[in-house]
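> My structure is stored as data.cif, with mmCIF, C-alpha atoms.
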data_structure
#
loop_
_atom_site.label_atom_id
_atom_site.label_comp_id
_atom_site.auth_asym_id
_atom_site.auth_seq_id
_atom_site.Cartn_x
_atom_site.Cartn_y
_atom_site.Cartn_z
CA MET A 1276 7.90 -1.82 -19.90
CA SER A 1277 11.26 -2.22 -18.21
CA PHE A 1278 12.54 0.03 -15.44
CA ASP A 1279 16.03 0.52 -14.04
CA TYR A 1280 16.13 1.47 -10.37
CA SER A 1281 19.81 0.78 -9.87
CA ASN A 1282 21.33 3.13 -7.29
CA GLN A 1283 17.89 4.01 -5.93
CA VAL A 1284 16.66 3.21 -2.44
CA VAL A 1285 13.04 2.28 -1.85
CA ILE A 1286 11.05 1.83 1.38
CA VAL A 1287 7.96 -0.39 1.32
CA THR A 1288 5.75 -0.55 4.41
CA GLY A 1289 3.65 -3.65 4.89
CA GLY A 1290 6.16 -5.10 2.49
CA ALA A 1291 6.36 -8.78 3.37
CA LYS A 1292 3.00 -10.07 2.12
CA GLY A 1293 0.41 -9.47 -0.55
CA ILE A 1294 0.71 -6.23 -2.50
CA GLY A 1295 3.72 -5.11 -0.46
CA ARG A 1296 5.61 -8.29 -1.28
CA GLY A 1297 4.85 -7.79 -4.95
CA ILE A 1298 6.10 -4.20 -4.82
CA SER A 1299 9.25 -5.14 -2.89
CA LEU A 1300 10.20 -7.90 -5.33
CA ALA A 1301 9.42 -5.76 -8.38
CA PHE A 1302 11.70 -2.94 -7.23
CA GLY A 1303 14.35 -5.48 -6.29
CA ALA A 1304 14.13 -7.06 -9.74
CA ALA A 1305 14.59 -3.58 -11.24
CA GLY A 1306 17.87 -3.14 -9.37
CA ALA A 1307 16.77 -1.09 -6.37
CA THR A 1308 17.93 -1.39 -2.80
CA VAL A 1309 14.63 -2.13 -1.05
CA VAL A 1310 13.95 -1.84 2.67
CA SER A 1311 10.76 -3.74 3.36
CA ALA A 1312 9.08 -3.19 6.73
CA ASP A 1313 6.50 -5.50 8.28
CA VAL A 1314 5.52 -6.97 11.64
CA ASP A 1315 5.34 -10.50 10.22
CA GLU A 1316 8.88 -11.83 10.66
CA PRO A 1317 8.35 -15.27 9.07
CA ALA A 1318 6.90 -13.57 5.99
CA GLY A 1319 9.89 -11.26 6.00
CA ALA A 1320 12.29 -14.19 6.00
CA ASP A 1321 10.40 -15.73 3.10
CA LEU A 1322 10.57 -12.42 1.22
CA THR A 1323 14.33 -12.07 1.56
CA ALA A 1324 14.81 -15.67 0.45
CA ALA A 1325 12.67 -15.02 -2.64
CA ALA A 1326 14.74 -11.92 -3.41
CA ALA A 1327 18.13 -13.60 -3.15
CA ASP A 1328 18.80 -13.76 -6.90
CA LEU A 1329 17.38 -10.37 -7.92
CA ASP A 1330 19.50 -7.68 -9.54
CA GLY A 1331 18.87 -5.41 -6.55
CA SER A 1332 18.53 -6.29 -2.88
CA VAL A 1333 15.66 -6.59 -0.43
CA HIS A 1334 16.31 -5.98 3.26
CA PHE A 1335 13.59 -6.91 5.74
CA VAL A 1336 13.05 -4.85 8.88
CA ALA A 1337 10.58 -5.91 11.59
CA ILE A 1338 8.92 -2.61 12.53
CA ASP A 1339 5.44 -1.38 13.44
CA VAL A 1340 4.99 1.78 11.37
CA SER A 1341 1.86 2.89 13.21
CA THR A 1342 4.12 4.67 15.71
CA ALA A 1343 6.44 7.64 15.37
CA ASP A 1344 9.33 5.66 16.82
CA GLY A 1345 8.77 2.90 14.29
CA CYS A 1346 8.71 5.24 11.29
CA ARG A 1347 11.70 7.25 12.50
CA SER A 1348 13.65 4.04 13.05
CA LEU A 1349 12.70 2.71 9.61
CA VAL A 1350 13.97 5.84 7.86
CA GLU A 1351 17.17 5.85 9.93
CA THR A 1352 17.76 2.17 9.13
CA THR A 1353 17.19 2.87 5.44
CA MET A 1354 19.75 5.69 5.53
CA ASP A 1355 22.21 3.32 7.17
CA ILE A 1356 21.63 0.71 4.46
CA GLY A 1357 21.41 2.86 1.35
CA GLY A 1358 22.41 6.40 2.27
CA ARG A 1359 19.32 7.98 0.71
CA VAL A 1360 15.54 7.63 0.30
CA ASP A 1361 14.30 7.88 -3.28
CA VAL A 1362 10.88 6.23 -3.05
CA VAL A 1363 8.53 5.59 -0.14
CA CYS A 1364 5.67 3.17 -0.77
CA ASN A 1365 3.12 3.54 2.03
CA ASN A 1366 1.49 0.20 1.45
CA VAL A 1367 0.72 -1.07 4.95
CA GLY A 1368 -2.95 -1.66 5.67
CA ILE A 1369 -5.22 -3.68 7.92
CA GLN A 1370 -8.93 -4.51 7.88
CA PRO A 1371 -9.53 -6.94 10.76
CA MET A 1372 -12.56 -9.19 10.46
CA SER A 1373 -13.76 -7.86 13.84
CA SER A 1374 -14.11 -4.40 12.24
CA TYR A 1375 -16.86 -5.52 9.85
CA VAL A 1376 -19.62 -3.95 11.90
CA ARG A 1377 -21.63 -0.74 11.76
CA ALA A 1378 -19.95 2.34 13.20
CA HIS A 1379 -21.89 2.39 16.47
CA GLU A 1380 -20.77 -1.20 17.11
CA LEU A 1381 -17.10 -0.62 16.32
CA PRO A 1382 -14.85 -0.48 19.41
CA GLU A 1383 -12.96 2.78 19.64
CA GLU A 1384 -9.66 0.93 19.97
CA ASP A 1385 -10.33 -0.83 16.63
CA TRP A 1386 -10.99 2.54 14.96
CA ASP A 1387 -7.79 3.97 16.43
CA ARG A 1388 -5.68 0.98 15.37
CA ILE A 1389 -6.97 0.96 11.78
CA LEU A 1390 -6.47 4.71 11.37
CA ALA A 1391 -3.00 4.52 12.92
CA VAL A 1392 -1.82 1.73 10.63
CA ASN A 1393 -3.56 2.75 7.42
CA LEU A 1394 -3.38 6.56 7.57
CA LYS A 1395 -1.20 7.92 10.36
CA SER A 1396 1.71 5.76 9.21
CA ALA A 1397 1.71 7.57 5.85
CA PHE A 1398 1.90 10.93 7.61
CA LEU A 1399 4.71 9.72 9.85
CA MET A 1400 6.69 8.24 6.96
CA ALA A 1401 6.37 11.55 5.12
CA LYS A 1402 7.44 13.43 8.23
CA TYR A 1403 10.68 11.48 8.59
CA ALA A 1404 11.52 10.68 4.95
CA ILE A 1405 10.80 14.04 3.32
CA PRO A 1406 13.74 15.91 4.94
CA HIS A 1407 16.10 13.40 3.31
CA MET A 1408 14.33 13.78 -0.03
CA GLN A 1409 14.62 17.57 0.25
CA ALA A 1410 18.33 17.32 0.97
CA GLN A 1411 18.97 15.07 -2.03
CA GLY A 1412 16.85 17.10 -4.46
CA GLY A 1413 13.63 15.11 -4.73
CA GLY A 1414 11.80 11.84 -4.33
CA VAL A 1415 8.51 10.04 -4.79
CA ILE A 1416 5.86 8.93 -2.30
CA ILE A 1417 3.28 6.40 -3.45
CA ASN A 1418 0.34 5.47 -1.23
CA THR A 1419 -1.63 2.26 -1.55
CA ALA A 1420 -5.16 3.52 -1.02
CA SER A 1421 -8.24 1.62 -2.24
CA VAL A 1422 -11.38 1.85 -4.31
CA GLN A 1423 -13.02 1.84 -0.87
CA GLY A 1424 -11.61 5.34 -0.46
CA LEU A 1425 -13.82 6.41 -3.38
CA GLN A 1426 -16.93 4.26 -2.94
CA SER A 1427 -17.35 2.18 0.15
CA ALA A 1428 -19.22 -0.95 1.16
CA PRO A 1429 -21.30 -1.79 4.22
CA MET A 1430 -19.67 -2.10 7.64
CA VAL A 1431 -16.14 -0.83 6.96
CA SER A 1432 -16.32 2.68 8.40
CA ALA A 1433 -12.77 2.83 9.76
CA TYR A 1434 -11.15 1.26 6.70
CA ALA A 1435 -13.08 3.48 4.30
CA ALA A 1436 -12.24 6.59 6.32
CA SER A 1437 -8.56 5.66 6.39
CA LYS A 1438 -8.39 5.14 2.64
CA GLY A 1439 -10.36 8.27 1.84
CA GLY A 1440 -8.04 10.18 4.16
CA LEU A 1441 -5.05 8.71 2.37
CA LEU A 1442 -6.30 10.08 -0.95
CA SER A 1443 -6.78 13.52 0.58
CA LEU A 1444 -3.34 13.37 2.17
CA THR A 1445 -1.89 12.46 -1.23
CA GLN A 1446 -3.28 15.66 -2.74
CA GLN A 1447 -2.19 17.85 0.16
CA LEU A 1448 1.38 16.56 0.29
CA SER A 1449 1.69 16.92 -3.48
CA LEU A 1450 0.88 20.63 -3.21
CA ASP A 1451 3.17 21.27 -0.26
CA TYR A 1452 6.23 19.50 -1.66
CA ALA A 1453 6.10 20.02 -5.42
CA VAL A 1454 8.54 22.89 -4.87
CA ASP A 1455 11.01 20.32 -3.49
CA ASN A 1456 10.68 18.05 -6.54
CA ILE A 1457 8.80 15.48 -4.44
CA ARG A 1458 5.91 13.81 -6.22
CA VAL A 1459 3.07 12.15 -4.27
CA LEU A 1460 0.63 9.70 -5.84
CA SER A 1461 -1.73 6.88 -4.92
CA VAL A 1462 -2.96 3.63 -6.41
CA ASN A 1463 -6.44 2.31 -5.72
CA PRO A 1464 -6.46 -1.49 -5.93
CA GLY A 1465 -9.65 -3.40 -6.50
CA THR A 1466 -9.91 -6.96 -5.27
CA ILE A 1467 -6.36 -8.35 -5.19
CA ASP A 1468 -5.35 -11.91 -4.36
CA THR A 1469 -3.72 -11.24 -0.99
CA PRO A 1470 -3.84 -12.77 2.50
CA LEU A 1471 -6.19 -9.94 3.57
CA VAL A 1472 -8.66 -10.86 0.83
CA ALA A 1473 -8.26 -14.56 1.54
CA GLU A 1474 -9.14 -13.95 5.18
CA ALA A 1475 -12.26 -12.03 4.18
CA ALA A 1476 -13.27 -14.77 1.77
CA ALA A 1477 -12.82 -17.52 4.36
CA ALA A 1478 -14.97 -15.60 6.83
CA SER A 1479 -17.71 -15.23 4.23
CA VAL A 1480 -18.05 -18.92 3.44
CA ARG A 1481 -21.39 -20.43 4.44
CA PRO A 1482 -21.11 -24.24 4.51
CA GLY A 1483 -23.71 -25.87 2.31
CA VAL A 1484 -24.57 -22.53 0.70
CA THR A 1485 -21.40 -20.82 -0.53
CA SER A 1486 -17.98 -22.35 -0.99
CA LEU A 1487 -14.66 -20.54 -1.06
CA GLN A 1488 -14.34 -21.20 -4.78
CA ASP A 1489 -17.87 -19.89 -5.37
CA LEU A 1490 -16.92 -16.65 -3.65
CA ARG A 1491 -13.70 -16.26 -5.60
CA ASP A 1492 -15.55 -16.93 -8.85
CA SER A 1493 -18.23 -14.37 -8.04
CA TRP A 1494 -15.63 -11.77 -7.12
CA ALA A 1495 -13.80 -12.42 -10.39
CA GLU A 1496 -17.01 -12.13 -12.41
CA SER A 1497 -17.90 -8.84 -10.73
CA HIS A 1498 -14.84 -7.23 -12.34
CA PRO A 1499 -15.43 -6.19 -15.96
CA ILE A 1500 -12.02 -7.59 -16.86
CA GLY A 1501 -13.16 -11.01 -15.56
CA ARG A 1502 -10.65 -11.78 -12.82
CA ILE A 1503 -9.37 -10.55 -9.50
CA GLY A 1504 -6.00 -8.83 -9.50
CA GLN A 1505 -2.58 -10.08 -8.50
CA PRO A 1506 0.01 -8.19 -6.44
CA GLU A 1507 2.13 -7.90 -9.58
CA ASP A 1508 -0.64 -5.89 -11.25
CA ILE A 1509 -0.25 -3.21 -8.59
CA ALA A 1510 3.54 -3.44 -8.51
CA ARG A 1511 3.88 -2.72 -12.23
CA VAL A 1512 1.82 0.47 -11.88
CA VAL A 1513 3.80 1.56 -8.81
CA LEU A 1514 7.09 1.15 -10.67
CA PHE A 1515 5.76 3.33 -13.47
CA LEU A 1516 4.51 6.03 -11.11
CA ALA A 1517 7.85 6.14 -9.30
CA SER A 1518 9.78 6.46 -12.56
CA ASP A 1519 10.77 9.50 -14.61
CA ASP A 1520 8.21 8.38 -17.20
CA ALA A 1521 5.58 9.71 -14.77
CA SER A 1522 7.46 12.92 -13.98
CA PHE A 1523 4.44 15.14 -14.79
CA MET A 1524 2.15 13.22 -12.43
CA THR A 1525 1.54 14.25 -8.83
CA GLY A 1526 -1.43 14.68 -6.53
CA SER A 1527 -3.55 12.10 -8.34
CA TRP A 1528 -4.36 8.43 -8.17
CA VAL A 1529 -4.69 5.48 -10.51
CA ASN A 1530 -7.43 2.87 -10.16
CA VAL A 1531 -6.01 -0.62 -10.67
CA ASP A 1532 -9.32 -2.36 -10.24
CA GLY A 1533 -10.19 -4.42 -13.30
CA GLY A 1534 -12.74 -1.80 -14.36
CA MET A 1535 -14.84 -1.80 -11.18
CA MET A 1536 -14.99 1.98 -10.77
CA ALA A 1537 -15.71 2.41 -14.48
CA LYS A 1538 -18.93 0.46 -14.10
CA GLY A 1539 -19.98 2.71 -11.24
CA ALA A 1540 -19.40 0.66 -8.10
CA TRP A 1541 -17.16 -2.09 -6.88
CA ALA A 1542 -19.27 -3.64 -4.11
#
Since I need it in another form, could you write the structure as structure tokens?


Amino acid sequence: MSFDYSNQVVIVTGGAKGIGRGISLAFGAAGATVVSADVDEPAGADLTAAAADLDGSVHFVAIDVSTADGCRSLVETTMDIGGRVDVVCNNVGIQPMSSYVRAHELPEEDWDRILAVNLKSAFLMAKYAIPHMQAQGGGVIINTASVQGLQSAPMVSAYAASKGGLLSLTQQLSLDYAVDNIRVLSVNPGTIDTPLVAEAAAASVRPGVTSLQDLRDSWAESHPIGRIGQPEDIARVVLFLASDDASFMTGSWVNVDGGMMAKGAWA
């Protein structure tokens, strides 16, 4: 399926690595003007270099979207670059290895940081982008949630809460802004080959017992489809959801998880 996003302006948060990088490059390849926000400046430079020959353009902005000032600035910068905001992809997310503990052991500051990055940023991006979408007659917001927002795993209380909250926020925003021709949707990735997953895998290796390749193989085998996903798998679904082909979809989510939720659990 081929999409044409020429003359459309897209914001991607957490856009320099992993799923966000895949989404940024896919929209750029489809002709969009993409503003990709991330705190990782070297990854941002690599992203813009990779996008140099695309039909559209990818502009990197170093911004922390966990704050109101950051989100306001990102939307203002996007208006300066493209003059409108057609699609917002709230993709940013963190799951620090230090947060893999039970709730009573989780430092409050870790909880606050994870919720601010993963959930509050989506609220703030909606707050500052929606007025522009209203003025131009519509738009699309797509949230990168997670299968962990539907069924969780041990020791990820903050991450699971943030992703579950993101799914609830998706439904609420879709109801409030349907009258403005603004659609709001989510994707729920399963295990995707990203730096976040690589970090978790490396931390799980037990020398002499489990190798990194053993872990990757077991994760692949746990998916009914027989492999872990790639950022491009998510990006292709996001491009569809943002397109007019999905114009009757809002307030719902799509699992892009290799069949994990179909078999009843992902963990």

> Please report the interatomic distance between atom CA of A:Tyr1403 and atom CA of A:Val1310 in Å with one decimal.

14.9 Å

> Tell me which protein, DNA and RNA residues are within 9 Å of A:Gly1534, counting only C-alpha atoms, leaving out same-chain ones fewer than 2 positions away, and put them as a PDB file with C-alpha atoms, in the frame of the given file.


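Once everything was written out, this is selection_32.pdb:
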ATOM      1  CA  GLY A1465      -9.650  -3.400  -6.500  1.00  0.00           C
ATOM      2  CA  HIS A1498     -14.840  -7.230 -12.340  1.00  0.00           C
ATOM      3  CA  PRO A1499     -15.430  -6.190 -15.960  1.00  0.00           C
ATOM      4  CA  ILE A1500     -12.020  -7.590 -16.860  1.00  0.00           C
ATOM      5  CA  ASN A1530      -7.430   2.870 -10.160  1.00  0.00           C
ATOM      6  CA  VAL A1531      -6.010  -0.620 -10.670  1.00  0.00           C
ATOM      7  CA  ASP A1532      -9.320  -2.360 -10.240  1.00  0.00           C
ATOM      8  CA  MET A1536     -14.990   1.980 -10.770  1.00  0.00           C
ATOM      9  CA  ALA A1537     -15.710   2.410 -14.480  1.00  0.00           C
ATOM     10  CA  LYS A1538     -18.930   0.460 -14.100  1.00  0.00           C
ATOM     11  CA  TRP A1541     -17.160  -2.090  -6.880  1.00  0.00           C
TER      12      TRP A1541
END

> Using only C-alpha atoms, pick whichever of A:Ile1389, A:Met1372, A:Ser1437, A:Gln1447 has the shortest atom-to-atom distance to A:Ser1479.

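Nearest candidate to A:Ser1479 out of A:Ile1389, A:Met1372, A:Ser1437, A:Gln1447: A:Met1372.
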
> Give me the result of the PyMOL selection byres ((chain A and resi 1513) around 10) on this file, residue by residue, as a list in words.

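Listing what the PyMOL selection byres ((chain A and resi 1513) around 10) selects in the shown file: Ile1298, Ala1301, Phe1302, Cys1364, Ile1417, Asn1418, Thr1419, Leu1460, Ser1461, Val1462, Glu1507, Asp1508, Ile1509, Ala1510, Arg1511, Val1512, Leu1514, Phe1515, Leu1516, Ala1517, Ser1518 and Val1529 of chain A.
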
> Near A:Gln1370, counting only C-alpha atoms, which residues have an atom at most 8 Å away, once you skip same-chain residues fewer than 4 positions from it, shown as an MDAnalysis selection string?

chainID A and resid 1374 1389 1434 1471

> Using all atoms listed in the file, which residues sit within 7 Å of A:Ser1311 once same-chain residues fewer than 2 positions away are excluded, as number ranges by chain?

A: 1286-1288, 1290-1291, 1299, 1309, 1313, 1333-1336

> Just the residues within 10 Å of A:Leu1381, please, counting all atoms listed in the file, with nothing from its chain fewer than 4 positions along; format it as a list of chain:residue names.

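Skipping anything fewer than 4 positions along the chain leaves A:Ser1373, A:Ser1374, A:Tyr1375, A:Val1376, A:Arg1377, A:Asp1385, A:Trp1386, A:Met1430, A:Val1431, A:Ser1432, A:Ala1433.
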
> Atom CA of A:Arg1491 and atom CA of A:Ala1318 are how many Å apart?

23.8 Å

> Between A:Thr1466, A:Asn1456, A:Thr1352, A:Gln1505, which residue has the minimum interatomic distance to A:Phe1523, considering only C-alpha atoms?

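Using only C-alpha atoms, the shortest distance to A:Phe1523 belongs to A:Asn1456.
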
> Could you check how far atom CA of A:Gln1446 sits from atom CA of A:Gly1526, in Å to one decimal?

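For atom CA of A:Gln1446 relative to atom CA of A:Gly1526, the distance reads 4.3 Å.
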
> Show me the residues around (5.6, 12.5, -7.4) - criterion: an atom at most 6 Å away, all atoms listed in the file counted - as a list in words.

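Taken together, the residues in range are Val1415, Ile1457, Arg1458, Val1459, Leu1460 and Thr1525 of chain A.
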
> Store the residues of this selection in a file with C-alpha atoms, as a compact mmCIF listing (two decimals), in the frame of the given file.


# COMPACT_ATOMS: atom_id res chain seq x y z
CA VAL A 1415 8.51 10.04 -4.79
CA ILE A 1457 8.80 15.48 -4.44
CA ARG A 1458 5.91 13.81 -6.22
CA VAL A 1459 3.07 12.15 -4.27
CA LEU A 1460 0.63 9.70 -5.84
CA THR A 1525 1.54 14.25 -8.83

> From the options A:Glu1316, A:Asp1321, A:Asp1387, A:Asp1451, which residue's atoms come nearest to A:Ile1369, counting all atoms listed in the file?

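Of all the options, A:Asp1387 lies closest to A:Ile1369.
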
> Return the single residue from A:Asn1366, A:Ser1522, A:Gln1423, A:Ser1396 that is closest to A:Asp1339, with distances computed using only C-alpha atoms.

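Of A:Asn1366, A:Ser1522, A:Gln1423, A:Ser1396, the one nearest A:Asp1339 is A:Ser1396, counting only C-alpha atoms.
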
> Given only C-alpha atoms as the basis, pick out the residue of A:Gly1331, A:Gly1345, A:Gly1289, A:Pro1317 nearest to A:Ala1304.

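When distances to A:Ala1304 are compared using only C-alpha atoms, the smallest one comes from A:Gly1331.
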
> On this structure, which residues satisfy the PyMOL selection byres ((chain A and resi 1412) around 10), written as a VMD selection string?

chain A and resid 1361 1406 to 1411 1413 to 1414 1455 to 1457

> Which of these residues is nearest to A:Ser1427, using only C-alpha atoms: A:Thr1342, A:Val1362, A:Gly1539, A:Thr1353?

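Checking each candidate against A:Ser1427, we get A:Gly1539 as the closest.
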